Structures are given as C-alpha cells and as structure tokens.
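Only one structure is covered here, and it is reproduced in the block below.
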Amino acid sequence: MQILYEDNHCLAVNKPAPLLTQGPPGIPTLEAMAKDYLKEKYHKAGYVYLGIPHRLDRPVSGVVLFARSTKAAQRLAEQFRARQVVKVYKGIVAGYPEHSEGIWQDWLRKIKEAARSEIVPEFSDGAKLSLLRYRVLQGCAGGALVEFRPETGRMHQIRLQASRHGHPILGDVSYGSQASFGPPAELPRDRVIALHAHSLTFLHPIRYEPITVTASLPDYWPVSAAEIERPGEV
C-alpha cells in the first residue's frame with residue numbers, strides 16, 4: 001500500500017488490484033491495511049476511525065481517499081455526492097476509438113442481484129443518465145490508452161460504457177473483454193483489469209483548498225507514466 005497524501009484529516013493511498021476497498025472483518029481490505037498503518041505510525045492502542053467517502057472496484061487500482069475524522073468524512077462525502085470531486089482514470093481498451101475524444105452518453109441501471117449494471121433504453125424504470133468524457137492518449141499493446149473523466153457516478157460506469165461503445169477494458173470479462181490482462185490469476189476474484197484511478201482533485205475538508213492526488217500505474221501495465229505524459233505518440 002502506497003501512501004499518496006496524509007494529514008490529520010485525510011489519507012489517500014494507491015490501492016493495488018485486486019484488493020477490496022472495504023469488506024467484513026477477517027478479509028484483507030485496503031481499509032484494514034490503512035488502519036493498521038495508522039495504528040503503527042501513531043502508536044494507537046484502540047479503535048482507529050476511517051471514513052470511506054468512495055470506493056474502487058476490486059479489479060481496479062488507483063487513488064482511494066479516506067477521512068480521518070467524522071467531520072472530514074461528512075464534508076468529503078458531500079463533495080462526492082455533489083460531483084465536485086474531479087476523477088481522472090487511465091484505461092487500456094480493445095481497439096482504437098474512431099474519434100480521439102468525445103463524450104459517451106448512456107442510460108444505466110443497476111442489477112442488484114448480480115452486483116453489476118446494464119445499458120437500457122432512455123427513461124427505463126430505474127435507469128440513470130451516465131456521462132463519460134474520454135480522450136485517446138496513444139496506441140499501446142492490445143489497443144489504446146484512454147483517459148476517462150466520469151461526469152456522473154454510476155456503478156461500473158466506465159467499464160460498461162467502454163464496452164457499450166465497442167471498446168471494452170482489457171481483462172474485464174464481466175463486460176465483454178476477450179483479452180487477458182495483468183498477472184495470471186487462479187481465481188476469478190484475483191483477476192485485474194486495465195483500469196486505474198489516476199488522480200482525484202478535491203477540496204480539503206477543513207481548509208477548503210484544492211488538492212490533487214495522483215497514483216502511479218502498476219508495474220505490470222504495458223505503458224509507463226512517462227509515456228502517458230506524451231499523449232499522441234504511438
């Protein structure tokens with residue numbers, strides 16, 4: 001677990017995939033690792049509070065922001081609800097999108113029994129409009145490296161919309177990928193996909209100054225951070 005930002009109010013870490021963000025006691029989670037880190041660093045003998053204003057899917061890596069007080073948790077959660085937090089993802093998709101940038105607009109609906117989402121016709125019962133900005137950065141092994149900026153916060157939004165528009169995230173067999181990605185995994189729950197929460201920009205919950213936290217790509221990705229900084233090269 002890599003610490004990206006820390007003060008008395010916030011803790012941001014780079015979540016490795018396929019680690020759960022949160023889960024029941026006894027199961028390895030990012031939350032448990034972060035609490036152990038704080039206990040050891042600050043010699044805390046008792047309970048360690050951590051608020052979780054957002055989560056990442058198990059097979060996704062990248063920035064996760066925790067709150068270290070209830071006041072910070074409430075204020076950060078409100079920023080996420082109000083869509084004031086800027087989220088930037090990097091993903092490798094199958095194929096090369098026809099347009100170098102644009103916005104995908106779809107109607108998504110949760111399938112609660114299956115813990116996934118589906119594309120449905122406009123104004124279907126339970127459907128919500130989903131907006132996703134994308135920009136192709138470069139071609140790479142297996143397809144194209146794409147920057148995603150979700151303007152709505154729907155379940156599995158990037159994964160489903162990328163698949164809907166013909167370019168599934170590599171390794172994401174749940175949403176149509178035919179390609180493997182990352183280290184070999186014996187169990188389905190240990191598979192990773194080519195989606196990474198690259199950065200979060202939020203307002204500090206106490207000082208209200210903008211803070212941007214960035215997480216480096218995992219080593220097993222076929223592109224490096226230096227390559228990402230040179231968009232357009234193939």
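By order in the structure tokens, chains are A, B, ...; within a chain, residues start at 1; ligands start at 1, following the order shown.
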So that I can see what lies close to Ser163 in chain A, please list as a ChimeraX atom specification the residues with an atom at most 12 Å from it, counting only C-alpha atoms and leaving out residues fewer than 4 positions away in the same chain. /A:92-95,97,104,106,117-119,156-159,167-178
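Surrounding range 197-213 of chain A within 8 Å are A:Leu4, A:Tyr5, A:His9, A:Ala12, A:Val60, A:Ser61, A:Gly62, A:Val63, A:Lys71, A:Ala72, A:Arg75, A:Leu76, A:Gln79, A:Gln84, A:Val85, A:Val86, A:Lys87, A:Val88, A:Tyr89, A:Lys90, A:Leu217, with only C-alpha atoms counted and residues fewer than 4 positions along the same chain left out.
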Go ahead and save the residues from that selection, with C-alpha atoms, as a PDB file, in the first residue's frame.
```
ATOM      1  CA  LEU A   4      -0.049   9.386  -1.511  1.00  0.00           C
ATOM      2  CA  TYR A   5      -1.247  12.113   0.869  1.00  0.00           C
ATOM      3  CA  HIS A   9      -7.921  14.972   8.302  1.00  0.00           C
ATOM      4  CA  ALA A  12      -5.029   8.985   0.308  1.00  0.00           C
ATOM      5  CA  VAL A  60      -9.333  -1.594 -10.354  1.00  0.00           C
ATOM      6  CA  SER A  61      -6.212   0.087  -8.969  1.00  0.00           C
ATOM      7  CA  GLY A  62      -5.529   3.692  -8.043  1.00  0.00           C
ATOM      8  CA  VAL A  63      -6.336   6.571  -5.712  1.00  0.00           C
ATOM      9  CA  LYS A  71     -16.352  15.956  10.148  1.00  0.00           C
ATOM     10  CA  ALA A  72     -13.949  15.322   7.266  1.00  0.00           C
ATOM     11  CA  ARG A  75     -17.677  17.042   4.037  1.00  0.00           C
ATOM     12  CA  LEU A  76     -15.850  14.756   1.610  1.00  0.00           C
ATOM     13  CA  GLN A  79     -18.311  16.659  -2.354  1.00  0.00           C
ATOM     14  CA  GLN A  84     -17.368  18.387  -7.054  1.00  0.00           C
ATOM     15  CA  VAL A  85     -14.542  15.841  -6.994  1.00  0.00           C
ATOM     16  CA  VAL A  86     -12.678  15.557 -10.300  1.00  0.00           C
ATOM     17  CA  LYS A  87     -11.831  11.934 -11.082  1.00  0.00           C
ATOM     18  CA  VAL A  88      -9.374  11.004 -13.836  1.00  0.00           C
ATOM     19  CA  TYR A  89      -8.891   7.377 -14.864  1.00  0.00           C
ATOM     20  CA  LYS A  90      -6.492   5.699 -17.264  1.00  0.00           C
ATOM     21  CA  LEU A 217       0.379   2.958 -12.736  1.00  0.00           C
TER      22      LEU A 217
END
```
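Residue nearest Leu131 in chain A, chosen from A:Pro183, A:Pro218, A:Gly91, A:Gly102 and counting only C-alpha atoms: A:Gly102.
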DSSP says alpha helix (DSSP H) for which residues of range 34-218 of chain A? Put them as a PyMOL selection string? chain A and resi 34-42+70-81+157-164
Extract, using only C-alpha atoms, all DNA, RNA and protein residues at most 10 Å from range 50-58 of chain A, discarding same-chain residues fewer than 6 positions from it, and format them as a ChimeraX atom specification. /A:9-11,15-22,29,31-32,34-35,38,64-81,155-156,189-193,195-197
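CA of Val120 in chain A is found 13.5 Å from CA of Arg154 in chain A.
Taking CA of Val13 in chain A and CA of Met1 in chain A as the two end points, the separation is 6.7 Å.
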Using only C-alpha atoms for the distances, tell me which of A:Val48, A:Val136, A:Met33, A:Ala215 is nearest to Ser100 in chain A. A:Val136
In terms of the shortest atom-to-atom distance over only C-alpha atoms, which of A:Ala179, A:Leu129, A:Ala114, A:Ala45 is closest to Gln161 in chain A? A:Leu129
Mind the document's chain letters and residue numbers, and return as a PyMOL selection string the residues of range 96-214 of chain A that DSSP labels strand (DSSP E). chain A and resi 101-111+116-119+128-140+143-150+195-203+210-214
Residue selection dump (C-alpha atoms) as a PDB file, in the first residue's frame:
```
ATOM      1  CA  GLU A 101     -12.060  12.391 -27.848  1.00  0.00           C
ATOM      2  CA  GLY A 102     -15.695  12.892 -27.007  1.00  0.00           C
ATOM      3  CA  ILE A 103     -18.428  12.134 -24.513  1.00  0.00           C
ATOM      4  CA  TRP A 104     -20.413   8.919 -24.227  1.00  0.00           C
ATOM      5  CA  GLN A 105     -23.992   9.272 -23.059  1.00  0.00           C
ATOM      6  CA  ASP A 106     -25.964   6.204 -21.986  1.00  0.00           C
ATOM      7  CA  TRP A 107     -28.709   5.144 -19.615  1.00  0.00           C
ATOM      8  CA  LEU A 108     -27.504   2.697 -16.943  1.00  0.00           C
ATOM      9  CA  ARG A 109     -29.443   0.614 -14.464  1.00  0.00           C
ATOM     10  CA  LYS A 110     -28.137  -1.410 -11.521  1.00  0.00           C
ATOM     11  CA  ILE A 111     -28.784  -5.139 -11.470  1.00  0.00           C
ATOM     12  CA  ARG A 116     -23.437  -5.109 -11.932  1.00  0.00           C
ATOM     13  CA  SER A 117     -25.085  -2.617 -14.283  1.00  0.00           C
ATOM     14  CA  GLU A 118     -26.710  -2.747 -17.705  1.00  0.00           C
ATOM     15  CA  ILE A 119     -27.445  -0.375 -20.573  1.00  0.00           C
ATOM     16  CA  LYS A 128     -29.980   6.924 -14.752  1.00  0.00           C
ATOM     17  CA  LEU A 129     -28.230   9.063 -17.342  1.00  0.00           C
ATOM     18  CA  SER A 130     -24.473   8.426 -17.426  1.00  0.00           C
ATOM     19  CA  LEU A 131     -21.961  10.823 -18.961  1.00  0.00           C
ATOM     20  CA  LEU A 132     -18.356   9.847 -19.598  1.00  0.00           C
ATOM     21  CA  ARG A 133     -15.707  12.019 -21.239  1.00  0.00           C
ATOM     22  CA  TYR A 134     -12.850  10.203 -22.941  1.00  0.00           C
ATOM     23  CA  ARG A 135      -9.623  11.147 -24.692  1.00  0.00           C
ATOM     24  CA  VAL A 136      -7.348   8.748 -26.548  1.00  0.00           C
ATOM     25  CA  LEU A 137      -3.761   9.238 -25.379  1.00  0.00           C
ATOM     26  CA  GLN A 138      -1.929   6.761 -27.579  1.00  0.00           C
ATOM     27  CA  GLY A 139      -1.940   3.314 -29.099  1.00  0.00           C
ATOM     28  CA  CYS A 140      -0.411   0.570 -26.978  1.00  0.00           C
ATOM     29  CA  GLY A 143      -5.483  -1.449 -28.118  1.00  0.00           C
ATOM     30  CA  ALA A 144      -5.404   2.154 -26.966  1.00  0.00           C
ATOM     31  CA  LEU A 145      -4.582   4.020 -23.781  1.00  0.00           C
ATOM     32  CA  VAL A 146      -7.532   6.262 -22.922  1.00  0.00           C
ATOM     33  CA  GLU A 147      -8.138   8.938 -20.302  1.00  0.00           C
ATOM     34  CA  PHE A 148     -11.624   8.816 -18.757  1.00  0.00           C
ATOM     35  CA  ARG A 149     -13.385  11.570 -16.803  1.00  0.00           C
ATOM     36  CA  PRO A 150     -16.781  10.427 -15.487  1.00  0.00           C
ATOM     37  CA  LEU A 195      -8.431   0.471 -15.379  1.00  0.00           C
ATOM     38  CA  HIS A 196      -6.610   2.759 -12.943  1.00  0.00           C
ATOM     39  CA  ALA A 197      -7.876   5.697 -10.881  1.00  0.00           C
ATOM     40  CA  HIS A 198      -5.060   8.033 -11.858  1.00  0.00           C
ATOM     41  CA  SER A 199      -5.966  11.158  -9.871  1.00  0.00           C
ATOM     42  CA  LEU A 200      -8.508  12.807  -7.591  1.00  0.00           C
ATOM     43  CA  THR A 201      -8.933  16.544  -7.107  1.00  0.00           C
ATOM     44  CA  PHE A 202     -10.960  17.565  -4.063  1.00  0.00           C
ATOM     45  CA  LEU A 203     -11.334  20.447  -1.636  1.00  0.00           C
ATOM     46  CA  PRO A 210      -7.940  22.262  -3.831  1.00  0.00           C
ATOM     47  CA  ILE A 211      -5.742  19.172  -3.557  1.00  0.00           C
ATOM     48  CA  THR A 212      -4.828  16.813  -6.385  1.00  0.00           C
ATOM     49  CA  VAL A 213      -3.565  13.345  -5.526  1.00  0.00           C
ATOM     50  CA  THR A 214      -2.008  11.192  -8.263  1.00  0.00           C
TER      51      THR A 214
END
```
